[in-house]
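See below for model_36.txt, which holds compact mmCIF, C-alpha atoms.
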# COMPACT_ATOMS: atom_id res chain seq x y z
CA MET R 56 3.78 0.82 69.40
CA ALA R 57 0.95 2.95 67.96
CA LYS R 58 0.77 3.93 64.31
CA GLY R 59 1.18 7.67 64.84
CA GLN R 60 4.27 7.33 67.03
CA THR R 61 6.53 5.50 64.55
CA THR R 62 9.47 7.55 63.31
CA VAL R 63 12.42 6.91 61.03
CA SER R 64 14.73 6.63 64.00
CA ASP R 65 12.82 3.52 65.15
CA PHE R 66 14.32 1.52 62.28
CA ALA R 67 17.91 0.30 62.07
CA VAL R 68 19.65 1.68 58.98
CA ALA R 69 23.08 0.64 57.80
CA PRO R 70 25.49 3.50 57.18
CA ARG R 71 26.36 4.36 53.59
CA ARG R 72 29.69 3.20 52.26
CA ASN R 73 32.09 5.90 51.17
CA ARG R 74 33.16 5.52 47.53
CA ALA R 75 36.60 7.02 48.20
CA SER R 76 37.31 4.38 50.85
CA GLU R 77 36.24 1.65 48.38
CA GLN R 78 38.73 2.93 45.81
CA THR R 79 41.59 2.95 48.31
CA ALA R 80 40.58 -0.54 49.51
CA THR R 81 40.73 -1.92 45.97
CA GLN R 82 44.11 -0.27 45.40
CA GLU R 83 45.40 -1.79 48.66
CA ASP R 84 44.11 -5.21 47.59
CA ALA R 85 45.93 -4.85 44.29
CA ALA R 86 49.12 -3.91 46.18
CA THR R 87 48.95 -7.04 48.32
CA LYS R 88 48.54 -9.40 45.33
CA PRO R 89 51.72 -11.36 44.79
CA ASP R 90 51.22 -11.73 41.02
CA ALA R 91 51.01 -7.96 40.36
CA THR R 92 54.28 -6.26 39.44
CA PRO R 93 55.12 -2.83 40.82
CA THR R 94 54.77 -1.26 37.39
CA GLU R 95 51.29 -2.76 36.96
CA MET R 96 50.24 -1.44 40.38
CA GLN R 97 51.59 2.00 39.56
CA ALA R 98 49.84 1.99 36.16
CA ALA R 99 46.58 0.93 37.83
CA ALA R 100 46.89 3.73 40.37
CA ASN R 101 47.62 6.37 37.69
CA GLN R 102 44.75 5.41 35.36
CA PRO R 103 41.75 7.71 35.62
CA HIS R 104 38.51 5.93 36.43
CA GLU R 105 35.67 6.27 33.90
CA THR R 106 32.45 7.52 35.35
CA GLY R 107 29.27 5.60 34.72
CA PRO R 108 25.87 6.98 33.85
CA LEU R 109 25.33 8.27 37.40
CA GLY R 110 28.55 10.27 37.42
CA GLY R 111 30.22 9.00 40.61
CA GLU R 112 30.01 5.26 39.95
CA ILE R 113 33.07 3.27 38.96
CA ASP R 114 32.79 1.26 35.75
CA HIS R 115 33.40 -2.32 36.88
CA PRO R 116 33.91 -5.11 34.32
CA ALA R 117 30.80 -6.87 35.64
CA SER R 118 28.70 -3.80 34.84
CA ARG R 119 29.84 -3.93 31.20
CA VAL R 120 27.84 -7.12 30.82
CA ILE R 121 24.76 -5.34 32.10
CA ALA R 122 25.41 -2.03 30.33
CA PRO R 123 26.69 -2.77 26.81
CA THR R 124 28.84 -0.39 24.84
CA GLU R 125 27.37 2.60 23.09
CA GLU R 126 27.81 0.88 19.73
CA ALA R 127 25.91 -2.22 20.88
CA ARG R 128 23.10 -0.08 22.32
CA ARG R 129 22.85 1.88 19.08
CA GLU R 130 22.80 -1.33 17.03
CA ARG R 131 20.09 -2.85 19.22
CA ALA R 132 18.02 0.34 19.05
CA THR R 133 18.34 0.41 15.26
CA THR R 134 17.28 -3.24 15.01
CA ARG R 135 14.27 -2.65 17.23
CA ALA R 136 13.29 0.45 15.25
CA LEU R 137 13.47 -1.50 11.98
CA GLN R 138 11.35 -4.31 13.45
CA ARG R 139 8.75 -1.81 14.66
CA GLU R 140 8.69 -0.15 11.25
CA GLU R 141 8.24 -3.50 9.47
CA SER R 142 5.44 -4.44 11.88
CA ARG R 143 3.76 -1.10 11.35
CA VAL R 144 3.92 -1.48 7.56
CA ARG R 145 2.56 -5.06 7.70
CA LEU R 146 -0.30 -3.97 9.94
CA ARG R 147 -1.11 -1.05 7.61
CA ASP R 148 -1.11 -3.39 4.59
CA LEU R 149 -3.40 -5.85 6.38
CA LYS R 150 -5.82 -3.06 7.26
CA ARG R 151 -5.80 -1.80 3.67
CA ALA R 152 -6.46 -5.30 2.32
CA ARG R 153 -9.34 -5.77 4.73
CA ASP R 154 -10.74 -2.36 3.80
CA ARG R 155 -10.43 -3.18 0.10
CA GLU R 156 -12.47 -6.32 0.63
CA SER R 157 -15.17 -4.83 2.79
CA LYS R 158 -15.78 -1.24 1.74
CA HIS R 159 -17.73 -1.43 -1.48
CA TYR R 160 -21.09 -0.18 -0.36
CA VAL R 161 -24.31 -0.53 -2.31
CA ASN R 162 -27.02 1.84 -1.34
CA CYS R 163 -30.51 0.61 -2.14
CA PRO R 164 -33.83 1.89 -0.89
CA LEU R 165 -36.19 -0.75 0.52
CA ASP R 166 -39.89 -0.44 1.03
CA TYR R 167 -41.18 -0.59 4.59
CA ASP R 168 -42.45 -4.19 4.43
CA THR R 169 -39.21 -5.56 2.94
CA LYS R 170 -37.15 -3.73 5.54
CA LYS R 171 -39.31 -5.14 8.39
CA ARG R 172 -39.02 -8.68 6.97
CA LEU R 173 -35.24 -8.26 6.74
CA GLU R 174 -35.07 -7.03 10.36
CA LYS R 175 -37.23 -9.95 11.53
CA ALA R 176 -35.08 -12.50 9.67
CA ALA R 177 -31.91 -10.99 11.11
CA LEU R 178 -33.32 -11.05 14.63
CA GLU R 179 -34.67 -14.61 14.46
CA ASN R 180 -31.49 -16.04 12.91
CA ASP R 181 -29.15 -13.95 15.04
CA VAL R 182 -27.24 -12.56 12.07
CA LYS R 183 -26.74 -9.05 10.78
CA MET R 184 -28.93 -7.65 8.05
CA THR R 185 -25.87 -6.97 5.90
CA VAL R 186 -24.95 -10.68 6.01
CA ILE R 187 -28.40 -11.63 4.76
CA MET R 188 -28.26 -9.02 2.00
CA LYS R 189 -24.78 -10.16 0.90
CA ALA R 190 -25.95 -13.78 0.77
CA ALA R 191 -29.09 -12.83 -1.19
CA ILE R 192 -27.14 -10.75 -3.71
CA ASP R 193 -24.52 -13.49 -4.08
CA GLN R 194 -27.25 -16.12 -4.65
CA TYR R 195 -28.99 -13.96 -7.25
CA LEU R 196 -25.73 -13.33 -9.15
CA ARG R 197 -24.80 -17.03 -9.05
CA ASP R 198 -28.23 -18.10 -10.31
CA ASN R 199 -28.00 -15.69 -13.24
CA GLY R 200 -24.44 -16.70 -14.25
CA TYR R 201 -22.46 -13.76 -12.85
Using structure tokens, write down the structure that the file contains.
Amino acid sequence: MAKGQTTVSDFAVAPRRNRASEQTATQEDAATKPDATPTEMQAAANQPHETGPLGGEIDHPASRVIAPTEEARRERATTRALQREESRVRLRDLKRARDRESKHYVNCPLDYDTKKRLEKAALENDVKMTVIMKAAIDQYLRDNGY
């Protein structure tokens, strides 16, 4: 079979089940159960079925395990929102602490020769110029008792 000649009719497709026939089949099954009393069968037949999120679906007990109640969903959403908020606050505090430690700039003019020596030292030792300057300032302050 060539690619261009394939159609939908070439594939076997199972027919869709009718929801109304499923409901009558379940009611007939309930009627044939020996342990069900006639009043229970009549009450089951008269109860309106709740519609699920898709409108036409029947709410089966098994689907309640998958889809929790509205209260449980709301509680879980609230818990998740609180966790996200706490995480966001912790992250913000960490960023602020890091910024507090690292953002105290000192602006100092260097002559051309000193700047070239600093660049050469940074390149040869594979470190940033700011690291060398921090170490030099720290050493100077330590030597002078500060």
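From CA of Cys163 (chain R) back to CA of Ile187 (chain R), the distance works out to 14.2 Å.
CA of Ile121 (chain R) is found 18.4 Å from CA of Arg135 (chain R).
Among the candidates R:Gly200, R:Tyr160, R:Met188, R:Arg145, the residue lying nearest to Arg172 (chain R) is R:Met188 (atoms considered: all atoms listed in the file).
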Since the input is missing atoms, can you rebuild N, CA and C atoms for region 121-134 of chain R and write them as a CSV table (one decimal), keeping the file's coordinate frame?
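Below is the file selection25.csv, written as the result:
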chain,number,residue,atom,x,y,z
R,121,ILE,N,26.1,-5.9,31.9
R,121,ILE,CA,24.8,-5.3,32.1
R,121,ILE,C,24.6,-4.1,31.2
R,122,ALA,N,25.5,-3.2,31.2
R,122,ALA,CA,25.4,-2.0,30.3
R,122,ALA,C,26.4,-2.2,29.1
R,123,PRO,N,25.8,-2.6,28.0
R,123,PRO,CA,26.7,-2.8,26.8
R,123,PRO,C,27.3,-1.5,26.3
R,124,THR,N,28.2,-1.6,25.4
R,124,THR,CA,28.8,-0.4,24.8
R,124,THR,C,27.8,0.5,24.1
R,125,GLU,N,28.2,1.7,23.8
R,125,GLU,CA,27.4,2.6,23.1
R,125,GLU,C,27.0,2.1,21.7
R,126,GLU,N,28.0,1.4,21.1
R,126,GLU,CA,27.8,0.9,19.7
R,126,GLU,C,26.8,-0.2,19.8
R,127,ALA,N,26.9,-1.1,20.8
R,127,ALA,CA,25.9,-2.2,20.9
R,127,ALA,C,24.5,-1.7,21.2
R,128,ARG,N,24.4,-0.7,22.0
R,128,ARG,CA,23.1,-0.1,22.3
R,128,ARG,C,22.5,0.5,21.1
R,129,ARG,N,23.3,1.2,20.3
R,129,ARG,CA,22.8,1.9,19.1
R,129,ARG,C,22.4,0.8,18.1
R,130,GLU,N,23.2,-0.3,18.0
R,130,GLU,CA,22.8,-1.3,17.0
R,130,GLU,C,21.5,-2.0,17.4
R,131,ARG,N,21.3,-2.2,18.7
R,131,ARG,CA,20.1,-2.8,19.2
R,131,ARG,C,18.9,-1.9,19.0
R,132,ALA,N,19.1,-0.6,19.3
R,132,ALA,CA,18.0,0.3,19.0
R,132,ALA,C,17.6,0.4,17.6
R,133,THR,N,18.6,0.4,16.7
R,133,THR,CA,18.3,0.4,15.3
R,133,THR,C,17.6,-0.8,14.8
R,134,THR,N,18.0,-2.0,15.3
R,134,THR,CA,17.3,-3.2,15.0
R,134,THR,C,15.8,-3.2,15.5
